[in-house]
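So this block is structure14.cif, mmCIF, C-alpha atoms:
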```
data_target
#
loop_
_atom_site.label_atom_id
_atom_site.label_comp_id
_atom_site.auth_asym_id
_atom_site.auth_seq_id
_atom_site.Cartn_x
_atom_site.Cartn_y
_atom_site.Cartn_z
CA ASP A 223 -21.20 -10.83 -6.02
CA HIS A 224 -18.92 -11.94 -8.85
CA VAL A 225 -18.67 -11.40 -12.58
CA THR A 226 -20.57 -14.39 -13.96
CA PHE A 227 -19.41 -16.24 -17.03
CA ASN A 228 -21.31 -19.24 -15.62
CA ASP A 229 -24.02 -20.57 -17.94
CA ASN A 230 -22.66 -18.10 -20.53
CA ALA A 231 -24.36 -15.16 -18.78
CA MET A 232 -21.79 -12.45 -19.49
CA ALA A 233 -20.86 -13.65 -22.98
CA SER A 234 -24.53 -13.83 -23.99
CA VAL A 235 -25.34 -10.34 -22.71
CA LEU A 236 -22.29 -8.87 -24.44
CA THR A 237 -23.20 -10.65 -27.66
CA VAL A 238 -26.72 -9.19 -27.57
CA LEU A 239 -25.29 -5.72 -26.94
CA HIS A 240 -22.82 -6.20 -29.80
CA ASN A 241 -25.58 -7.28 -32.21
CA ALA A 242 -27.77 -4.36 -31.15
CA HIS A 243 -24.89 -1.91 -31.52
CA GLN A 244 -24.14 -3.27 -34.99
CA LYS A 245 -27.85 -3.08 -35.96
CA LYS A 246 -27.98 -6.78 -36.72
CA ALA A 247 -31.40 -8.43 -36.96
CA PRO A 248 -33.64 -8.27 -35.02
CA PHE A 249 -32.16 -4.93 -33.95
CA ASN A 250 -32.00 -3.44 -37.46
CA ASN A 251 -34.81 -0.98 -36.72
CA ASP A 252 -35.52 2.05 -34.54
CA ILE A 253 -35.96 0.14 -31.27
CA PHE A 254 -32.69 1.74 -30.06
CA SER A 255 -31.51 5.29 -30.58
CA GLU A 256 -28.00 6.31 -31.53
CA SER A 257 -27.40 7.47 -27.95
CA ASP A 258 -28.45 3.97 -26.79
CA ARG A 259 -25.89 2.47 -29.11
CA ILE A 260 -23.17 4.79 -27.83
CA GLU A 261 -23.92 3.53 -24.31
CA MET A 262 -23.85 -0.05 -25.57
CA LYS A 263 -20.41 0.48 -27.08
CA GLY A 264 -19.14 1.77 -23.75
CA ALA A 265 -20.50 -1.31 -21.97
CA ILE A 266 -19.02 -3.64 -24.58
CA ASP A 267 -15.60 -2.00 -24.28
CA LYS A 268 -15.71 -2.41 -20.49
CA GLY A 269 -16.73 -6.02 -20.91
CA VAL A 270 -13.83 -6.71 -23.27
CA ASP A 271 -11.43 -4.99 -20.89
CA TYR A 272 -12.64 -7.15 -18.01
CA ILE A 273 -12.40 -10.36 -20.04
CA LEU A 274 -8.82 -9.60 -21.05
CA LYS A 275 -7.79 -8.79 -17.49
CA SER A 276 -9.42 -11.90 -16.01
CA GLN A 277 -7.97 -14.48 -18.43
CA TRP A 278 -6.10 -16.92 -16.21
CA LYS A 279 -2.34 -17.34 -16.50
CA GLN A 280 -0.36 -20.46 -15.68
CA ASN A 281 3.32 -19.70 -15.18
CA GLY A 282 2.84 -16.46 -17.08
CA LYS A 283 1.00 -18.12 -19.98
CA LEU A 284 -2.58 -17.17 -20.86
CA THR A 285 -5.15 -19.98 -20.72
CA VAL A 286 -8.95 -19.60 -20.44
CA TRP A 287 -11.52 -18.39 -17.88
CA CYS A 288 -13.30 -19.51 -14.75
CA ALA A 289 -17.09 -19.71 -14.41
CA GLN A 290 -16.94 -16.63 -12.19
CA HIS A 291 -14.30 -14.04 -11.34
CA GLY A 292 -13.95 -11.35 -8.69
CA LYS A 293 -15.35 -8.03 -9.85
CA ASP A 294 -12.37 -6.12 -8.48
CA ASP A 295 -9.45 -8.56 -8.37
CA TYR A 296 -10.30 -10.52 -11.57
CA LYS A 297 -9.41 -13.82 -9.86
CA PRO A 298 -11.36 -17.12 -10.16
CA LYS A 299 -14.04 -17.47 -7.48
CA MET A 300 -16.21 -20.19 -6.06
CA ALA A 301 -19.98 -20.06 -6.65
CA ARG A 302 -22.22 -22.91 -5.51
CA ALA A 303 -20.66 -25.49 -3.21
CA TYR A 304 -19.80 -27.79 -6.11
CA GLU A 305 -18.58 -24.97 -8.38
CA LEU A 306 -15.04 -24.46 -7.13
CA GLU A 307 -12.40 -22.03 -8.33
CA SER A 308 -11.33 -23.58 -11.61
CA LEU A 309 -10.84 -23.16 -15.32
CA SER A 310 -14.02 -23.76 -17.26
CA GLY A 311 -14.02 -26.01 -20.31
CA SER A 312 -17.61 -24.98 -20.96
CA GLU A 313 -18.03 -21.25 -20.33
CA SER A 314 -14.69 -20.33 -21.90
CA VAL A 315 -16.02 -21.33 -25.33
CA ASP A 316 -18.60 -18.53 -25.54
CA VAL A 317 -16.11 -16.02 -24.13
CA ILE A 318 -13.77 -16.87 -27.01
CA GLY A 319 -16.65 -16.67 -29.48
CA PHE A 320 -17.59 -13.20 -28.24
CA LEU A 321 -13.99 -11.95 -28.44
CA MET A 322 -13.89 -13.12 -32.05
CA THR A 323 -16.77 -10.73 -32.88
CA GLN A 324 -14.75 -7.72 -31.72
CA PRO A 325 -12.18 -5.64 -33.62
CA GLN A 326 -9.09 -7.84 -33.58
CA SER A 327 -6.59 -5.78 -31.61
CA SER A 328 -3.26 -7.35 -30.72
CA GLU A 329 -4.52 -7.96 -27.16
CA ILE A 330 -7.69 -9.68 -28.32
CA LYS A 331 -5.79 -11.78 -30.86
CA ALA A 332 -3.35 -12.89 -28.18
CA ALA A 333 -6.18 -13.80 -25.82
CA VAL A 334 -8.07 -15.80 -28.45
CA LYS A 335 -4.97 -17.60 -29.73
CA ALA A 336 -3.97 -18.60 -26.20
CA ALA A 337 -7.44 -19.84 -25.32
CA ILE A 338 -7.77 -21.83 -28.55
CA ALA A 339 -4.34 -23.34 -27.92
CA TRP A 340 -5.53 -24.42 -24.48
CA PHE A 341 -8.53 -26.20 -26.00
CA ARG A 342 -6.38 -27.80 -28.68
CA SER A 343 -3.87 -29.13 -26.17
CA PRO A 344 -4.05 -32.90 -25.61
CA ASN A 345 -3.51 -32.10 -21.93
CA THR A 346 -7.02 -30.63 -21.68
CA TYR A 347 -9.24 -33.11 -23.52
CA LEU A 348 -9.84 -36.84 -23.40
CA ALA A 349 -9.31 -38.35 -26.83
CA ASN A 350 -11.76 -41.06 -27.89
CA TYR A 351 -14.17 -40.37 -25.04
CA THR A 352 -17.57 -38.71 -24.82
CA TYR A 353 -19.81 -37.49 -22.02
CA ASP A 354 -23.06 -39.48 -21.92
CA LYS A 355 -25.66 -38.33 -19.37
CA SER A 356 -27.72 -41.47 -19.91
CA VAL A 357 -25.18 -43.84 -18.35
CA GLU A 358 -24.04 -44.02 -14.74
CA GLU A 359 -20.33 -43.52 -15.32
CA LYS A 360 -20.98 -40.59 -17.74
CA ILE A 361 -17.54 -40.68 -19.41
CA VAL A 362 -17.48 -43.47 -21.98
CA TYR A 363 -15.27 -44.58 -24.83
CA LYS A 364 -16.20 -43.37 -28.31
CA SER A 365 -13.66 -43.58 -31.08
CA GLY A 366 -12.87 -40.25 -32.72
CA SER A 367 -14.58 -38.16 -30.02
CA GLN A 368 -13.03 -35.54 -27.77
CA MET A 369 -14.31 -34.63 -24.31
CA TRP A 370 -13.49 -31.61 -22.20
CA TYR A 371 -14.21 -31.37 -18.48
CA ARG A 372 -16.47 -28.67 -17.07
CA PHE A 373 -13.87 -27.78 -14.42
CA TYR A 374 -10.07 -27.89 -14.39
CA ASP A 375 -7.52 -27.38 -11.65
CA LEU A 376 -6.07 -23.87 -11.94
CA SER A 377 -2.44 -24.96 -11.90
CA SER A 378 -2.39 -28.47 -13.37
CA ASN A 379 -5.27 -28.43 -15.91
CA ARG A 380 -6.47 -31.70 -14.38
CA GLY A 381 -10.20 -32.18 -14.79
CA PHE A 382 -12.14 -32.71 -11.58
CA PHE A 383 -15.59 -33.11 -10.04
CA SER A 384 -17.13 -31.85 -6.82
CA ASP A 385 -20.15 -32.32 -4.56
CA ARG A 386 -22.33 -30.30 -2.22
CA ASP A 387 -19.67 -30.65 0.47
CA SER A 388 -17.14 -28.93 -1.86
CA ARG A 389 -14.85 -31.97 -2.04
CA LYS A 390 -12.63 -31.99 -5.12
CA VAL A 391 -12.36 -35.48 -6.62
CA TYR A 392 -11.00 -36.89 -9.85
CA ASP A 393 -13.34 -39.85 -10.34
CA ILE A 394 -16.96 -38.99 -11.13
CA MET A 395 -18.11 -42.08 -9.23
CA ASP A 396 -16.77 -40.48 -6.05
CA ILE A 397 -19.53 -37.87 -5.97
CA SER A 398 -23.14 -38.43 -4.95
CA GLU A 399 -25.65 -39.85 -7.38
CA GLU A 400 -27.66 -36.64 -7.02
CA ARG A 401 -24.78 -34.44 -8.25
CA ARG A 402 -23.58 -36.98 -10.77
CA ASN A 403 -26.96 -36.98 -12.48
CA GLY A 404 -27.97 -33.40 -11.74
CA TYR A 405 -25.13 -31.50 -13.37
CA SER A 406 -23.11 -31.49 -16.59
CA TRP A 407 -19.51 -32.37 -15.80
CA GLY A 408 -18.19 -32.70 -19.33
CA GLY A 409 -18.95 -32.42 -23.01
CA ASN A 410 -17.60 -31.83 -26.49
CA TYR A 411 -17.30 -28.15 -25.59
CA GLY A 412 -14.25 -27.35 -27.69
CA ASP A 413 -15.32 -28.97 -30.96
CA LYS A 414 -17.24 -26.06 -32.47
CA ILE A 415 -14.88 -23.30 -31.39
CA ILE A 416 -11.84 -25.21 -32.68
CA SER A 417 -13.61 -25.93 -35.97
CA TYR A 418 -14.54 -22.26 -36.35
CA ALA A 419 -11.04 -21.12 -35.39
CA ASN A 420 -9.59 -23.43 -38.02
CA SER A 421 -11.99 -22.04 -40.65
CA VAL A 422 -10.95 -18.42 -40.02
CA GLY A 423 -7.24 -19.08 -39.60
CA TYR A 424 -6.86 -18.82 -35.84
#
```

This entry written out as structure tokens:
Amino acid sequence: DHVTFNDNAMASVLTVLHNAHQKKAPFNNDIFSESDRIEMKGAIDKGVDYILKSQWKQNGKLTVWCAQHGKDDYKPKMARAYELESLSGSESVDVIGFLMTQPQSSEIKAAVKAAIAWFRSPNTYLANYTYDKSVEEKIVYKSGSQMWYRFYDLSSNRGFFSDRDSRKVYDIMDISEERRNGYSWGGNYGDKIISYANSVGY
């Protein structure tokens, strides 16, 4: 029932529509008509409008996005039992990437700059740690690495984990083995988007 950024659903669809509208390969042919592309542009504009309105604010300051938001109230929403209302260190990356493909209005620039700043903040990543699915504790020391959590508390930016009973915990060993091994709770999510932002002057 919600707008789904989860698993990059919305960002991926909007990116496909953008590429088709721009006649980028493999859409640089007659598979779509000009009237199709006019409709695509309308959908893209609505998508951008929604993204800008749903970007979460902490004390009036723009941050990033949740995995899903209410279709009418724009607020973060819960999905599966272990996917609580939260800021997403994963899904927000592709949302930023999509916004960077759009004409850079002052609103879009402000949104992207704020989101990149959130990823760059030492308050959101673990320096010298990496997420390793192959080990039990998952979060392990690795010099020079940076790790972002999948989910962050909406007000404190503290990374957390959850289980099928919807408990919010801050130690990954406090959730069941099934959820610990059956879900991605962290990763180097911000590395590529920060590197790209640096390369284009954001």

Problem set entry | Hits from the PyMOL selection byres ((chain A and resi 317-328) around 8), listed as a ChimeraX atom specification | /A:227,230,233,236-237,270,273,313-316,329-332,334,337-338,415

Problem set entry | Separation of atom CA of A:Asp413 from atom CA of A:Ala289 in Å | 19.0 Å

For this session: Can you work out which one of A:Leu284, A:Met262, A:Tyr351, A:Arg386 has the shortest atom-to-atom distance to A:Lys335, counting all atoms listed in the file?
Result: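 Result for the nearest residue to A:Lys335: A:Leu284.
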
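Interatomic distance, atom CA of A:Thr226 to atom CA of A:Lys299: 9.7 Å.
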
Problem set entry | Nearby residues (all atoms listed in the file) at most 12 Å from A:Val225, same-chain spacing under 3 positions excluded, as a ChimeraX atom specification | /A:228-233,269,272-273,276,287-301

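We find atom CA of A:Thr352 and atom CA of A:Ser384 to be spaced 19.3 Å apart.
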
Exercise. Selected by the PyMOL selection byres ((chain A and resi 389-391) around 12) in the shown coordinates: which residues, as a ChimeraX atom specification?
Worked result: /A:303-308,373-375,380-388,392-398,401

Problem set entry | Residue among A:Ala242, A:Ala247, A:Ser377, A:Met369 lying closest to A:Asn281, counting only C-alpha atoms | A:Ser377

Exercise. Looking at all atoms listed in the file, which of A:Arg372, A:Pro248, A:Trp407, A:Tyr347 is the one that sits closest to A:Glu359?
Worked result: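 Closest candidate: A:Trp407.
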
For this session: Fewer than 5 positions away in the same chain doesn't count, so skip those; otherwise give me all residues within 12 Å of A:Phe254, counting all atoms listed in the file, as an MDAnalysis selection string.
Result: chainID A and resid 239 241:246 248:249 259:262

For this session: Name the residues that the PyMOL selection byres ((chain A and resi 340-345) around 8) pulls out of this structure, and write them as a PyMOL selection string.
Result: chain A and resi 285-286+311+336-339+346-349+379+412+416

Compile the contact shell of A:Gly408 as a compact mmCIF listing (two decimals) with C-alpha atoms, in the coordinates of the input: residues with an atom at most 6 Å away, counting all atoms listed in the file, same-chain residues fewer than 3 positions apart removed.
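Final output, out10.txt:
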```txt
# COMPACT_ATOMS: atom_id res chain seq x y z
CA TYR A 353 -19.81 -37.49 -22.02
CA TRP A 370 -13.49 -31.61 -22.20
CA TYR A 371 -14.21 -31.37 -18.48
CA ARG A 372 -16.47 -28.67 -17.07
```
